[in-house]
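The structure file structure19.cif is reproduced below (mmCIF, C-alpha atoms).
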data_run
#
loop_
_atom_site.label_atom_id
_atom_site.label_comp_id
_atom_site.auth_asym_id
_atom_site.auth_seq_id
_atom_site.Cartn_x
_atom_site.Cartn_y
_atom_site.Cartn_z
CA MET A 1 0.00 0.00 0.00
CA ARG A 2 1.38 3.39 -1.03
CA ARG A 3 0.75 6.43 1.16
CA LEU A 4 -0.24 9.96 0.16
CA LEU A 5 0.00 12.33 3.13
CA VAL A 6 -1.50 15.83 2.99
CA LEU A 7 -0.62 18.39 5.67
CA GLY A 8 -3.34 20.98 6.15
CA ALA A 9 -7.10 20.74 5.60
CA GLY A 10 -7.68 24.29 4.40
CA THR A 11 -8.76 25.22 0.88
CA ALA A 12 -5.89 23.63 -1.04
CA GLY A 13 -5.51 20.52 1.12
CA THR A 14 -9.23 19.75 1.10
CA MET A 15 -9.44 20.15 -2.67
CA VAL A 16 -6.40 17.90 -3.18
CA VAL A 17 -7.78 14.93 -1.23
CA ASN A 18 -11.30 15.34 -2.61
CA ARG A 19 -10.01 15.40 -6.18
CA LEU A 20 -7.47 12.58 -5.78
CA ARG A 21 -9.48 10.09 -3.72
CA PRO A 22 -11.71 9.06 -6.66
CA ARG A 23 -8.70 8.77 -8.98
CA LEU A 24 -6.22 6.83 -6.85
CA PRO A 25 -7.23 3.16 -6.43
CA ARG A 26 -8.20 2.45 -2.83
CA ASP A 27 -6.49 -0.93 -2.88
CA GLU A 28 -3.22 0.77 -3.85
CA TRP A 29 -3.27 4.14 -2.12
CA GLU A 30 -3.98 5.23 1.44
CA ILE A 31 -4.75 8.97 1.66
CA THR A 32 -4.32 10.76 5.00
CA ILE A 33 -4.93 14.42 5.80
CA VAL A 34 -3.71 16.10 9.00
CA ASP A 35 -4.83 19.40 10.49
CA GLN A 36 -4.61 20.93 13.94
CA SER A 37 -8.23 22.15 13.80
CA GLU A 38 -11.53 20.29 13.63
CA VAL A 39 -13.23 23.17 11.80
CA HIS A 40 -12.83 24.75 8.37
CA HIS A 41 -13.08 28.52 7.91
CA TYR A 42 -14.21 30.36 4.79
CA GLN A 43 -11.45 32.92 5.17
CA PRO A 44 -12.66 35.45 2.56
CA GLY A 45 -15.61 35.97 4.90
CA TYR A 46 -13.39 37.50 7.59
CA LEU A 47 -13.43 40.80 5.67
CA PHE A 48 -17.22 41.06 6.00
CA VAL A 49 -17.59 40.15 9.68
CA PRO A 50 -16.63 43.62 11.01
CA PHE A 51 -19.38 45.17 8.89
CA GLY A 52 -22.07 42.68 9.97
CA THR A 53 -22.48 41.15 6.51
CA TYR A 54 -21.64 37.67 7.80
CA GLU A 55 -22.09 36.17 11.23
CA PRO A 56 -19.20 33.93 12.39
CA GLU A 57 -21.29 30.76 12.19
CA GLU A 58 -21.94 31.41 8.49
CA ILE A 59 -18.27 30.99 7.60
CA VAL A 60 -17.31 27.98 9.75
CA LYS A 61 -18.13 24.29 9.18
CA PRO A 62 -16.91 21.02 10.72
CA ARG A 63 -13.88 19.85 8.78
CA ARG A 64 -14.85 16.17 8.71
CA ARG A 65 -18.07 16.84 6.79
CA LEU A 66 -16.15 18.46 3.92
CA ILE A 67 -13.79 15.58 3.11
CA LYS A 68 -14.75 12.53 1.05
CA ASP A 69 -15.13 9.07 2.48
CA GLY A 70 -12.02 6.99 2.09
CA VAL A 71 -9.68 9.72 3.36
CA ARG A 72 -8.17 9.12 6.78
CA GLN A 73 -8.47 12.27 8.87
CA LEU A 74 -6.15 13.05 11.78
CA THR A 75 -6.02 15.98 14.19
CA GLY A 76 -2.64 17.06 15.47
CA VAL A 77 0.12 19.65 15.48
CA ILE A 78 2.88 19.05 12.95
CA GLU A 79 6.33 19.08 14.48
CA GLU A 80 8.65 18.24 11.57
CA VAL A 81 9.02 16.66 8.16
CA VAL A 82 11.92 14.21 8.33
CA THR A 83 12.75 14.18 4.66
CA ASP A 84 15.52 11.56 4.80
CA ALA A 85 13.22 9.08 6.54
CA HIS A 86 10.17 10.06 4.44
CA LEU A 87 7.96 10.65 7.46
CA VAL A 88 6.15 13.43 9.31
CA ARG A 89 6.39 13.67 13.08
CA LEU A 90 3.54 15.20 15.08
CA ALA A 91 3.94 17.05 18.37
CA ASP A 92 2.56 14.07 20.32
CA GLY A 93 5.26 11.82 18.87
CA THR A 94 3.11 10.16 16.21
CA GLU A 95 5.09 9.32 13.08
CA LEU A 96 3.38 9.25 9.69
CA PRO A 97 5.36 7.72 6.81
CA TYR A 98 4.67 8.84 3.26
CA ASP A 99 5.45 7.94 -0.32
CA GLN A 100 4.20 11.32 -1.54
CA LEU A 101 3.76 14.36 0.68
CA VAL A 102 1.66 17.47 -0.03
CA ILE A 103 2.22 20.51 2.18
CA ALA A 104 -0.87 22.73 2.29
CA THR A 105 -0.68 24.40 5.70
CA GLY A 106 -1.04 27.91 4.32
CA THR A 107 0.30 31.20 5.62
CA HIS A 108 -0.75 32.92 8.81
CA PRO A 109 -0.55 36.30 10.59
CA ASN A 110 2.35 36.64 13.02
CA PRO A 111 1.78 39.74 15.20
CA ASP A 112 4.73 38.72 17.39
CA GLU A 113 7.04 39.84 14.57
CA THR A 114 6.12 43.53 15.09
CA PRO A 115 6.74 45.26 18.44
CA GLY A 116 3.49 46.38 20.01
CA LEU A 117 1.07 44.24 18.02
CA ALA A 118 0.98 41.21 20.30
CA GLU A 119 0.89 43.06 23.63
CA PRO A 120 -2.03 42.05 25.91
CA GLU A 121 -3.36 45.61 25.99
CA ALA A 122 -3.15 46.18 22.22
CA LYS A 123 -6.88 45.82 21.55
CA GLN A 124 -7.71 48.11 24.45
CA ARG A 125 -5.47 50.71 22.82
CA GLY A 126 -7.34 50.50 19.52
CA VAL A 127 -5.15 47.97 17.65
CA HIS A 128 -7.12 45.45 15.58
CA SER A 129 -6.96 43.14 12.58
CA PHE A 130 -9.37 40.91 10.64
CA TYR A 131 -7.06 38.11 9.52
CA THR A 132 -8.47 35.58 11.99
CA LEU A 133 -12.11 35.06 12.90
CA GLU A 134 -11.44 36.00 16.53
CA ASP A 135 -9.80 39.25 15.43
CA ALA A 136 -12.59 40.02 12.96
CA VAL A 137 -15.22 39.66 15.70
CA ALA A 138 -13.21 41.89 18.06
CA LEU A 139 -12.90 44.49 15.30
CA ARG A 140 -16.65 44.35 14.69
CA ASP A 141 -17.22 45.18 18.34
CA ALA A 142 -14.64 47.99 18.24
CA MET A 143 -16.29 49.51 15.17
CA GLU A 144 -19.66 49.49 16.92
CA ARG A 145 -18.07 51.65 19.62
CA PHE A 146 -16.22 53.91 17.17
CA ASP A 147 -17.60 57.45 17.13
CA GLY A 148 -15.14 59.17 14.81
CA GLY A 149 -11.48 60.13 14.95
CA ARG A 150 -8.46 58.73 13.15
CA LEU A 151 -9.02 55.40 11.39
CA VAL A 152 -5.78 53.95 10.02
CA VAL A 153 -5.55 50.88 7.79
CA ASN A 154 -2.03 49.46 7.65
CA LEU A 155 -0.29 46.89 5.47
CA ILE A 156 2.97 45.91 7.17
CA ASP A 157 4.58 43.96 4.34
CA LEU A 158 3.97 41.49 1.51
CA PRO A 159 3.29 38.69 0.82
CA ILE A 160 -0.02 38.28 2.64
CA LYS A 161 -3.03 36.12 1.92
CA CYS A 162 -5.82 38.05 0.24
CA PRO A 163 -3.38 40.78 -0.82
CA VAL A 164 -5.89 43.56 -1.53
CA ALA A 165 -8.01 42.84 1.53
CA PRO A 166 -6.50 45.85 3.37
CA LEU A 167 -7.53 48.07 0.45
CA GLU A 168 -10.97 46.50 0.43
CA PHE A 169 -11.31 47.19 4.13
CA ALA A 170 -10.43 50.85 3.60
CA PHE A 171 -13.06 51.20 0.85
CA LEU A 172 -15.73 49.33 2.83
CA ALA A 173 -14.94 51.29 5.99
CA GLU A 174 -15.24 54.61 4.16
CA ALA A 175 -18.68 53.60 2.86
CA TRP A 176 -19.68 52.28 6.29
CA LEU A 177 -18.70 55.58 7.91
CA ARG A 178 -20.89 57.49 5.45
CA GLU A 179 -23.82 55.20 6.16
CA ARG A 180 -23.38 55.74 9.90
CA GLY A 181 -23.06 59.52 9.61
CA LEU A 182 -19.47 59.39 10.89
CA ARG A 183 -17.54 60.26 7.75
CA GLU A 184 -17.29 64.00 8.35
CA ARG A 185 -15.64 63.49 11.69
CA THR A 186 -13.35 60.62 10.69
CA GLU A 187 -9.94 60.88 9.05
CA VAL A 188 -9.16 57.72 7.05
CA THR A 189 -5.52 56.93 6.22
CA TYR A 190 -4.01 54.00 4.36
CA VAL A 191 -0.41 53.23 5.37
CA THR A 192 1.67 50.97 3.13
CA PRO A 193 5.33 50.03 2.60
CA LEU A 194 4.77 50.30 -1.17
CA ASP A 195 5.35 53.50 -3.13
CA GLY A 196 1.62 53.80 -3.76
CA ALA A 197 -1.64 51.95 -3.32
CA PHE A 198 -1.01 50.34 -6.74
CA THR A 199 2.17 50.12 -8.78
CA LYS A 200 1.38 48.64 -12.19
CA PRO A 201 0.57 51.26 -14.84
CA LEU A 202 -2.88 50.06 -15.85
CA ALA A 203 -4.02 49.18 -12.34
CA ALA A 204 -2.74 52.54 -11.09
CA ARG A 205 -4.56 54.39 -13.86
CA GLU A 206 -7.87 52.60 -13.34
CA LEU A 207 -7.87 52.20 -9.55
CA GLY A 208 -5.49 54.75 -8.07
CA GLY A 209 -8.06 57.55 -8.23
CA MET A 210 -10.34 55.72 -5.81
CA PHE A 211 -8.41 57.06 -2.83
CA ASP A 212 -8.78 60.65 -4.00
CA GLU A 213 -12.47 60.16 -4.82
CA ARG A 214 -13.15 58.84 -1.34
CA GLY A 215 -10.92 61.26 0.54
CA ILE A 216 -8.66 58.51 1.89
CA ALA A 217 -5.18 59.79 2.71
CA LEU A 218 -2.29 57.66 1.46
CA GLN A 219 0.95 57.26 3.43
CA PRO A 220 3.36 55.35 1.10
CA ASP A 221 6.88 53.99 1.64
CA PHE A 222 6.10 53.42 5.32
CA MET A 223 8.22 50.60 6.71
CA LEU A 224 6.69 49.90 10.10
CA GLU A 225 9.17 49.50 12.94
CA ARG A 226 6.74 49.37 15.88
CA VAL A 227 3.30 50.23 17.16
CA ASP A 228 3.57 52.69 20.05
CA LEU A 229 0.63 51.75 22.26
CA ASP A 230 1.15 54.54 24.80
CA GLU A 231 1.01 57.26 22.16
CA GLN A 232 -1.36 55.31 19.86
CA GLN A 233 0.75 55.75 16.75
CA LEU A 234 2.64 53.82 14.08
CA VAL A 235 6.37 54.49 13.95
CA SER A 236 8.43 53.77 10.84
CA TYR A 237 12.12 52.91 10.64
CA ASP A 238 12.80 56.44 9.40
CA GLU A 239 10.93 57.76 12.48
CA ARG A 240 7.78 58.98 10.77
CA GLU A 241 4.69 58.76 12.94
CA VAL A 242 1.05 58.14 12.08
CA PRO A 243 -1.39 58.57 15.00
CA PHE A 244 -4.59 56.55 15.26
CA ASP A 245 -7.70 56.10 17.34
CA LEU A 246 -8.60 52.85 15.60
CA LEU A 247 -5.87 50.88 13.81
CA VAL A 248 -6.73 48.04 11.43
CA THR A 249 -3.47 46.35 10.54
CA VAL A 250 -2.35 43.23 8.69
CA PRO A 251 0.40 41.44 10.63
CA LEU A 252 3.35 39.90 8.82
CA ASN A 253 2.25 36.63 7.22
CA MET A 254 4.45 33.55 7.51
CA GLY A 255 4.20 29.86 6.74
CA ALA A 256 4.11 27.19 9.44
CA ALA A 257 7.09 26.97 11.79
CA TYR A 258 7.63 23.26 11.05
CA VAL A 259 8.52 24.19 7.45
CA ALA A 260 11.60 26.02 8.72
CA ARG A 261 12.49 23.23 11.13
CA SER A 262 12.33 20.78 8.23
CA GLY A 263 14.67 22.81 6.02
CA LEU A 264 12.03 23.30 3.33
CA GLY A 265 11.23 27.00 3.59
CA ASP A 266 12.35 30.46 2.54
CA GLU A 267 12.88 33.32 5.00
CA LEU A 268 9.10 33.47 5.65
CA ASN A 269 8.64 29.69 6.01
CA HIS A 270 6.98 29.26 2.62
CA VAL A 271 8.04 26.08 0.85
CA LYS A 272 10.40 26.61 -2.07
CA VAL A 273 8.86 24.98 -5.13
CA ASP A 274 8.93 24.90 -8.90
CA LYS A 275 6.35 27.54 -9.83
CA HIS A 276 4.87 25.43 -12.64
CA THR A 277 4.67 21.97 -11.00
CA PHE A 278 4.75 22.71 -7.20
CA LEU A 279 7.48 20.10 -6.65
CA ALA A 280 9.62 21.13 -3.68
CA ASP A 281 13.18 22.12 -4.46
CA GLY A 282 15.55 19.17 -4.11
CA HIS A 283 12.82 16.59 -3.48
CA ASP A 284 11.00 14.13 -5.71
CA ASP A 285 8.31 13.15 -3.20
CA ILE A 286 7.24 16.50 -1.70
CA PHE A 287 4.88 19.08 -3.15
CA ALA A 288 3.56 22.32 -1.70
CA ILE A 289 0.37 23.94 -2.90
CA GLY A 290 -1.79 26.94 -2.04
CA ASP A 291 -0.54 29.63 0.32
CA ALA A 292 2.14 27.32 1.76
CA ALA A 293 4.17 27.52 -1.47
CA ASN A 294 6.44 30.43 -2.38
CA LEU A 295 4.82 30.93 -5.78
CA PRO A 296 5.50 34.36 -7.33
CA THR A 297 1.80 35.20 -7.45
CA SER A 298 -0.98 35.94 -5.02
CA LYS A 299 -1.78 33.89 -1.96
CA ALA A 300 -5.44 33.57 -2.84
CA GLY A 301 -8.18 30.97 -3.06
CA SER A 302 -8.42 31.26 -6.83
CA VAL A 303 -4.72 30.45 -7.15
CA ALA A 304 -5.25 27.33 -5.04
CA HIS A 305 -8.19 26.33 -7.23
CA PHE A 306 -6.35 26.71 -10.53
CA ALA A 307 -3.19 25.19 -9.06
CA VAL A 308 -5.03 22.08 -7.90
CA ASP A 309 -6.42 21.64 -11.42
CA VAL A 310 -2.85 21.41 -12.68
CA PHE A 311 -1.53 19.47 -9.70
CA VAL A 312 -4.01 16.58 -9.85
CA ASP A 313 -3.19 15.58 -13.41
CA ASN A 314 0.52 16.02 -12.81
CA VAL A 315 0.72 14.01 -9.61
CA LEU A 316 -1.16 11.11 -11.18
CA ARG A 317 1.56 10.91 -13.82
CA HIS A 318 4.34 11.58 -11.30
CA VAL A 319 3.44 8.63 -9.07
CA GLU A 320 3.59 6.36 -12.11
CA GLY A 321 7.08 7.58 -12.94
CA LEU A 322 5.95 9.63 -15.94
CA PRO A 323 6.93 13.24 -16.72
CA MET A 324 4.55 15.92 -15.47
CA GLN A 325 3.03 17.56 -18.53
CA GLU A 326 0.82 20.33 -17.12
CA ARG A 327 2.33 23.71 -16.23
CA PHE A 328 0.69 26.26 -13.94
CA ASP A 329 0.79 29.78 -15.39
CA GLY A 330 0.09 31.65 -12.15
CA HIS A 331 -3.56 32.23 -13.05
CA ALA A 332 -5.56 34.17 -10.48
CA ASN A 333 -8.82 36.05 -10.50
CA CYS A 334 -10.43 37.91 -7.67
CA PHE A 335 -13.11 40.36 -6.69
CA ILE A 336 -12.19 43.62 -4.95
CA GLU A 337 -14.95 45.13 -2.83
CA SER A 338 -15.09 48.89 -3.37
CA GLY A 339 -18.07 49.84 -1.20
CA ASP A 340 -21.64 50.96 -1.91
CA GLY A 341 -22.63 47.52 -3.19
CA LYS A 342 -20.01 47.40 -5.93
CA ALA A 343 -16.81 45.51 -6.60
CA MET A 344 -14.08 45.09 -9.20
CA LEU A 345 -12.70 41.94 -10.79
CA LEU A 346 -9.10 41.18 -11.72
CA ASP A 347 -7.82 38.32 -13.89
CA PHE A 348 -4.07 37.81 -14.45
CA ASN A 349 -1.14 35.39 -14.32
CA TYR A 350 2.63 35.28 -13.94
CA GLU A 351 3.24 37.17 -17.18
CA THR A 352 0.18 39.38 -17.70
CA GLU A 353 -1.02 42.13 -15.41
CA PRO A 354 -4.75 42.75 -14.77
CA LEU A 355 -6.38 44.16 -17.90
CA LEU A 356 -9.62 45.88 -18.87
CA GLY A 357 -12.45 43.89 -20.42
CA SER A 358 -15.24 41.48 -19.53
CA PHE A 359 -15.25 38.05 -17.92
CA PRO A 360 -15.75 35.21 -18.67
CA LEU A 361 -17.28 36.07 -22.06
CA PRO A 362 -16.16 38.94 -24.32
CA GLU A 363 -18.61 41.87 -24.42
CA ILE A 364 -21.28 39.79 -22.64
CA GLY A 365 -19.45 39.34 -19.36
CA PRO A 366 -21.47 39.52 -17.21
CA LEU A 367 -18.53 40.58 -15.03
CA LYS A 368 -16.45 43.68 -15.63
CA LEU A 369 -12.65 43.61 -15.43
CA LEU A 370 -10.91 46.51 -13.69
CA GLY A 371 -14.15 48.39 -13.27
CA GLU A 372 -16.74 48.72 -10.52
CA SER A 373 -20.14 47.07 -10.93
CA GLU A 374 -22.97 45.66 -8.85
CA ALA A 375 -22.66 42.35 -10.72
CA ASN A 376 -19.08 41.98 -9.46
CA HIS A 377 -20.25 42.57 -5.88
CA LEU A 378 -22.99 39.95 -6.23
CA GLY A 379 -20.43 37.61 -7.74
CA LYS A 380 -18.20 37.96 -4.71
CA LEU A 381 -21.08 37.26 -2.32
CA ALA A 382 -22.16 34.26 -4.41
CA PHE A 383 -18.69 32.78 -4.17
CA ARG A 384 -19.35 31.67 -0.59
CA TRP A 385 -21.97 29.18 -1.85
CA ILE A 386 -19.68 28.11 -4.69
CA TYR A 387 -16.85 27.57 -2.22
CA TRP A 388 -18.79 25.22 0.07
CA HIS A 389 -20.78 23.33 -2.58
CA LEU A 390 -18.54 23.20 -5.67
CA LEU A 391 -14.95 24.22 -5.00
CA LEU A 392 -14.13 22.23 -1.86
CA PRO A 393 -15.94 19.03 -2.94
CA GLY A 394 -13.93 19.07 -6.17
CA ARG A 395 -16.81 19.56 -8.57
CA PRO A 396 -15.96 21.14 -11.94
CA LEU A 397 -16.28 24.90 -12.38
CA PRO A 398 -16.81 26.55 -15.79
CA LEU A 399 -13.52 28.43 -15.61
CA ALA A 400 -10.37 27.78 -17.62
CA THR A 401 -7.36 26.74 -15.55
CA SER A 402 -4.96 28.85 -17.62
CA MET A 403 -5.59 32.54 -18.11
CA SER A 404 -7.25 33.47 -21.39
CA MET A 405 -6.86 36.77 -23.23
CA VAL A 406 -10.42 36.44 -24.56
CA GLY A 407 -12.43 39.51 -23.62
CA LYS A 408 -9.41 41.47 -22.43
CA ARG A 409 -7.86 44.62 -23.85
CA ARG A 410 -4.80 46.65 -23.00
CA PRO A 411 -5.00 50.40 -23.67
CA PRO A 412 -1.77 52.18 -24.59
CA ALA A 413 0.49 52.39 -21.54
CA PRO A 414 1.59 55.82 -20.34
CA SER A 415 4.90 56.92 -21.80
CA GLY A 416 7.89 55.53 -19.96
CA ASN A 417 6.04 52.71 -18.19
CA GLY A 418 6.48 49.02 -18.89
CA SER A 419 3.79 46.41 -18.90
CA SER A 420 5.33 43.34 -17.26
CA THR A 421 4.20 42.31 -13.81
CA SER A 422 6.54 41.41 -10.97
CA PRO A 423 5.64 39.08 -8.08
CA ARG A 424 5.40 42.04 -5.69
CA ASP A 425 3.02 43.83 -8.05
CA LEU A 426 0.82 40.73 -8.29
CA GLN A 427 0.71 40.49 -4.53
CA GLU A 428 -0.58 44.04 -4.39
CA VAL A 429 -3.36 43.77 -6.92
CA SER A 430 -4.92 40.41 -6.09
CA LEU A 431 -7.16 38.88 -3.51
#
The structure in this file should be written as structure tokens.
Amino acid sequence: MRRLLVLGAGTAGTMVVNRLRPRLPRDEWEITIVDQSEVHHYQPGYLFVPFGTYEPEEIVKPRRRLIKDGVRQLTGVIEEVVTDAHLVRLADGTELPYDQLVIATGTHPNPDETPGLAEPEAKQRGVHSFYTLEDAVALRDAMERFDGGRLVVNLIDLPIKCPVAPLEFAFLAEAWLRERGLRERTEVTYVTPLDGAFTKPLAARELGGMFDERGIALQPDFMLERVDLDEQQLVSYDEREVPFDLLVTVPLNMGAAYVARSGLGDELNHVKVDKHTFLADGHDDIFAIGDAANLPTSKAGSVAHFAVDVFVDNVLRHVEGLPMQERFDGHANCFIESGDGKAMLLDFNYETEPLLGSFPLPEIGPLKLLGESEANHLGKLAFRWIYWHLLLPGRPLPLATSMSMVGKRRPPAPSGNGSSTSPRDLQEVSL
């Protein structure tokens, strides 16, 4: 009996086992999935909890109900991958041997990496986030108490999962303040280490004006050194200060600590892989997929979806000793909430930046690329149903795995600007 071991039962890990279980003979392959939690979170829903759009129970389900029969499910904390022995050791001493290993334990906020963020009194001093469900609920309560002042939204550094979620929060918060009659007495500031809210020429041209239109102040090139809780202000390495009454920040995101202990990770504990096949560097029996991998594209659910499409066909050939034929092109698409019941949609890959146009059909759409529309907003809300009922179970979706140029158009770029997209740019303009 050969053994496929999957670490992590989030979006990517769940899709992997649900897609592979029907295609790997049960009399030849044992499939095991390990996660430290018994519940599965719809993480895109965290953004909406502070605004009351979703209740916590609407975005959480028992993990065991989401995974197909025939997959062995274990609960435990992963201690180390012992690559030479081809086994995974759990914190309780359990050892799990593997013939093929898939790492899908994602990336997670690490407030301990920034002085001030993890202090016990941080929330009492107005410091919040929405990158965990607990934090999103606490922020919802803080916003209910907010009566105006200085609202600061802060991106500490990239990469993060849901890379434009901080921007979305700023747009949604500005609309929420208007609805509550608090906008006139609230100063909204977006603080980022980047040189602007957007960096690519087309995205900057189409989206950059949203800050000016909404009266959101932009503080670029801000490399956060610490959060001063006593003075309630952000302090940069070059000693600039941004005061706040309510801070909504995104802590530094890092992969699981065991990745570093196992010698598989980069400086942020994301597994180093081939960006087209997800095979871990220097290993023939280890893959990493989803947010756990150091792919030069967004850490987003759509990337996991398209990546799994490629991965499943490749791994079936790989385990038979055949060359992997499919190549992932970095395809991602995502909705960007912009407030007032509207959203934008981006579609891009490793080589092509987000473009104007319609999706998935030219002219017809019904979704608009790089433009606000109510249809895009409804599409984003509908994705929660798609996620639970189609995506996780491994049912087919009517979307091409590789990015298509059908329905897209690129207007002439401003003089002096290029059109290629770097990994950092993709992180900024994707969800």
At a cut-off of 9 Å, can you tabulate as a tab-separated table every residue of range 255-360 of chain A near range 69-90 of chain A together with its closest atom pair and the distance in Å to one decimal, using all atoms listed in the file and ordering rows by chain then number?
residue	atom	partner	partner_atom	distance
A:Ala256	CA	A:Ile78	CA	8.9
A:Ala257	CA	A:Glu79	CA	8.4
A:Tyr258	CA	A:Glu80	CA	5.1
A:Val259	CA	A:Glu80	CA	7.2
A:Ala260	CA	A:Glu80	CA	8.8
A:Arg261	CA	A:Glu80	CA	6.3
A:Ser262	CA	A:Val81	CA	5.3
A:Gly263	CA	A:Val81	CA	8.6
A:Leu264	CA	A:Val81	CA	8.7
A:His283	CA	A:Thr83	CA	8.5
A:Asp285	CA	A:His86	CA	8.4
A:Ile286	CA	A:Thr83	CA	8.7
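Our summary of the geometry notes that CA of Ala91 in chain A is positioned 12.0 Å from CA of Asp35 in chain A.
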Exercise. For range 385-389 of chain A, list every protein, DNA or RNA residue within 12 Å, evaluated using only C-alpha atoms, and leave out those in the same chain fewer than 5 positions away; present the list as a count of residues only.
Key: 32
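Between CA of Tyr237 in chain A and CA of Asn154 in chain A the separation is 14.9 Å.
Atom pair CA of Thr132 in chain A / CA of Tyr46 in chain A has a distance of 6.9 Å (rounded to one decimal).
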Quiz item: Could you write out as a count of residues only the residues that the PyMOL selection byres ((chain A and resi 355-365) around 7) matches in the shown file?
Solution: 12
Practice problem: Write out as a ChimeraX atom specification the residues lying within 9 Å of range 325-341 of chain A, counting all atoms listed in the file and excluding same-chain residues fewer than 5 positions away. | Solution: /A:164-165,167-176,210,275-278,295-298,300-307,309-311,313-314,317,346-351,354,372-374,376-380,401-403,430-431
Suppose we keep C-alpha atoms; can you now write the selection as a PDB file, in the frame of the given file?
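Output saved as result14.pdb:
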ATOM      1  CA  VAL A 164      -5.890  43.560  -1.530  1.00  0.00           C
ATOM      2  CA  ALA A 165      -8.010  42.840   1.530  1.00  0.00           C
ATOM      3  CA  LEU A 167      -7.530  48.070   0.450  1.00  0.00           C
ATOM      4  CA  GLU A 168     -10.970  46.500   0.430  1.00  0.00           C
ATOM      5  CA  PHE A 169     -11.310  47.190   4.130  1.00  0.00           C
ATOM      6  CA  ALA A 170     -10.430  50.850   3.600  1.00  0.00           C
ATOM      7  CA  PHE A 171     -13.060  51.200   0.850  1.00  0.00           C
ATOM      8  CA  LEU A 172     -15.730  49.330   2.830  1.00  0.00           C
ATOM      9  CA  ALA A 173     -14.940  51.290   5.990  1.00  0.00           C
ATOM     10  CA  GLU A 174     -15.240  54.610   4.160  1.00  0.00           C
ATOM     11  CA  ALA A 175     -18.680  53.600   2.860  1.00  0.00           C
ATOM     12  CA  TRP A 176     -19.680  52.280   6.290  1.00  0.00           C
ATOM     13  CA  MET A 210     -10.340  55.720  -5.810  1.00  0.00           C
ATOM     14  CA  LYS A 275       6.350  27.540  -9.830  1.00  0.00           C
ATOM     15  CA  HIS A 276       4.870  25.430 -12.640  1.00  0.00           C
ATOM     16  CA  THR A 277       4.670  21.970 -11.000  1.00  0.00           C
ATOM     17  CA  PHE A 278       4.750  22.710  -7.200  1.00  0.00           C
ATOM     18  CA  LEU A 295       4.820  30.930  -5.780  1.00  0.00           C
ATOM     19  CA  PRO A 296       5.500  34.360  -7.330  1.00  0.00           C
ATOM     20  CA  THR A 297       1.800  35.200  -7.450  1.00  0.00           C
ATOM     21  CA  SER A 298      -0.980  35.940  -5.020  1.00  0.00           C
ATOM     22  CA  ALA A 300      -5.440  33.570  -2.840  1.00  0.00           C
ATOM     23  CA  GLY A 301      -8.180  30.970  -3.060  1.00  0.00           C
ATOM     24  CA  SER A 302      -8.420  31.260  -6.830  1.00  0.00           C
ATOM     25  CA  VAL A 303      -4.720  30.450  -7.150  1.00  0.00           C
ATOM     26  CA  ALA A 304      -5.250  27.330  -5.040  1.00  0.00           C
ATOM     27  CA  HIS A 305      -8.190  26.330  -7.230  1.00  0.00           C
ATOM     28  CA  PHE A 306      -6.350  26.710 -10.530  1.00  0.00           C
ATOM     29  CA  ALA A 307      -3.190  25.190  -9.060  1.00  0.00           C
ATOM     30  CA  ASP A 309      -6.420  21.640 -11.420  1.00  0.00           C
ATOM     31  CA  VAL A 310      -2.850  21.410 -12.680  1.00  0.00           C
ATOM     32  CA  PHE A 311      -1.530  19.470  -9.700  1.00  0.00           C
ATOM     33  CA  ASP A 313      -3.190  15.580 -13.410  1.00  0.00           C
ATOM     34  CA  ASN A 314       0.520  16.020 -12.810  1.00  0.00           C
ATOM     35  CA  ARG A 317       1.560  10.910 -13.820  1.00  0.00           C
ATOM     36  CA  LEU A 346      -9.100  41.180 -11.720  1.00  0.00           C
ATOM     37  CA  ASP A 347      -7.820  38.320 -13.890  1.00  0.00           C
ATOM     38  CA  PHE A 348      -4.070  37.810 -14.450  1.00  0.00           C
ATOM     39  CA  ASN A 349      -1.140  35.390 -14.320  1.00  0.00           C
ATOM     40  CA  TYR A 350       2.630  35.280 -13.940  1.00  0.00           C
ATOM     41  CA  GLU A 351       3.240  37.170 -17.180  1.00  0.00           C
ATOM     42  CA  PRO A 354      -4.750  42.750 -14.770  1.00  0.00           C
ATOM     43  CA  GLU A 372     -16.740  48.720 -10.520  1.00  0.00           C
ATOM     44  CA  SER A 373     -20.140  47.070 -10.930  1.00  0.00           C
ATOM     45  CA  GLU A 374     -22.970  45.660  -8.850  1.00  0.00           C
ATOM     46  CA  ASN A 376     -19.080  41.980  -9.460  1.00  0.00           C
ATOM     47  CA  HIS A 377     -20.250  42.570  -5.880  1.00  0.00           C
ATOM     48  CA  LEU A 378     -22.990  39.950  -6.230  1.00  0.00           C
ATOM     49  CA  GLY A 379     -20.430  37.610  -7.740  1.00  0.00           C
ATOM     50  CA  LYS A 380     -18.200  37.960  -4.710  1.00  0.00           C
ATOM     51  CA  THR A 401      -7.360  26.740 -15.550  1.00  0.00           C
ATOM     52  CA  SER A 402      -4.960  28.850 -17.620  1.00  0.00           C
ATOM     53  CA  MET A 403      -5.590  32.540 -18.110  1.00  0.00           C
ATOM     54  CA  SER A 430      -4.920  40.410  -6.090  1.00  0.00           C
ATOM     55  CA  LEU A 431      -7.160  38.880  -3.510  1.00  0.00           C
TER      56      LEU A 431
END
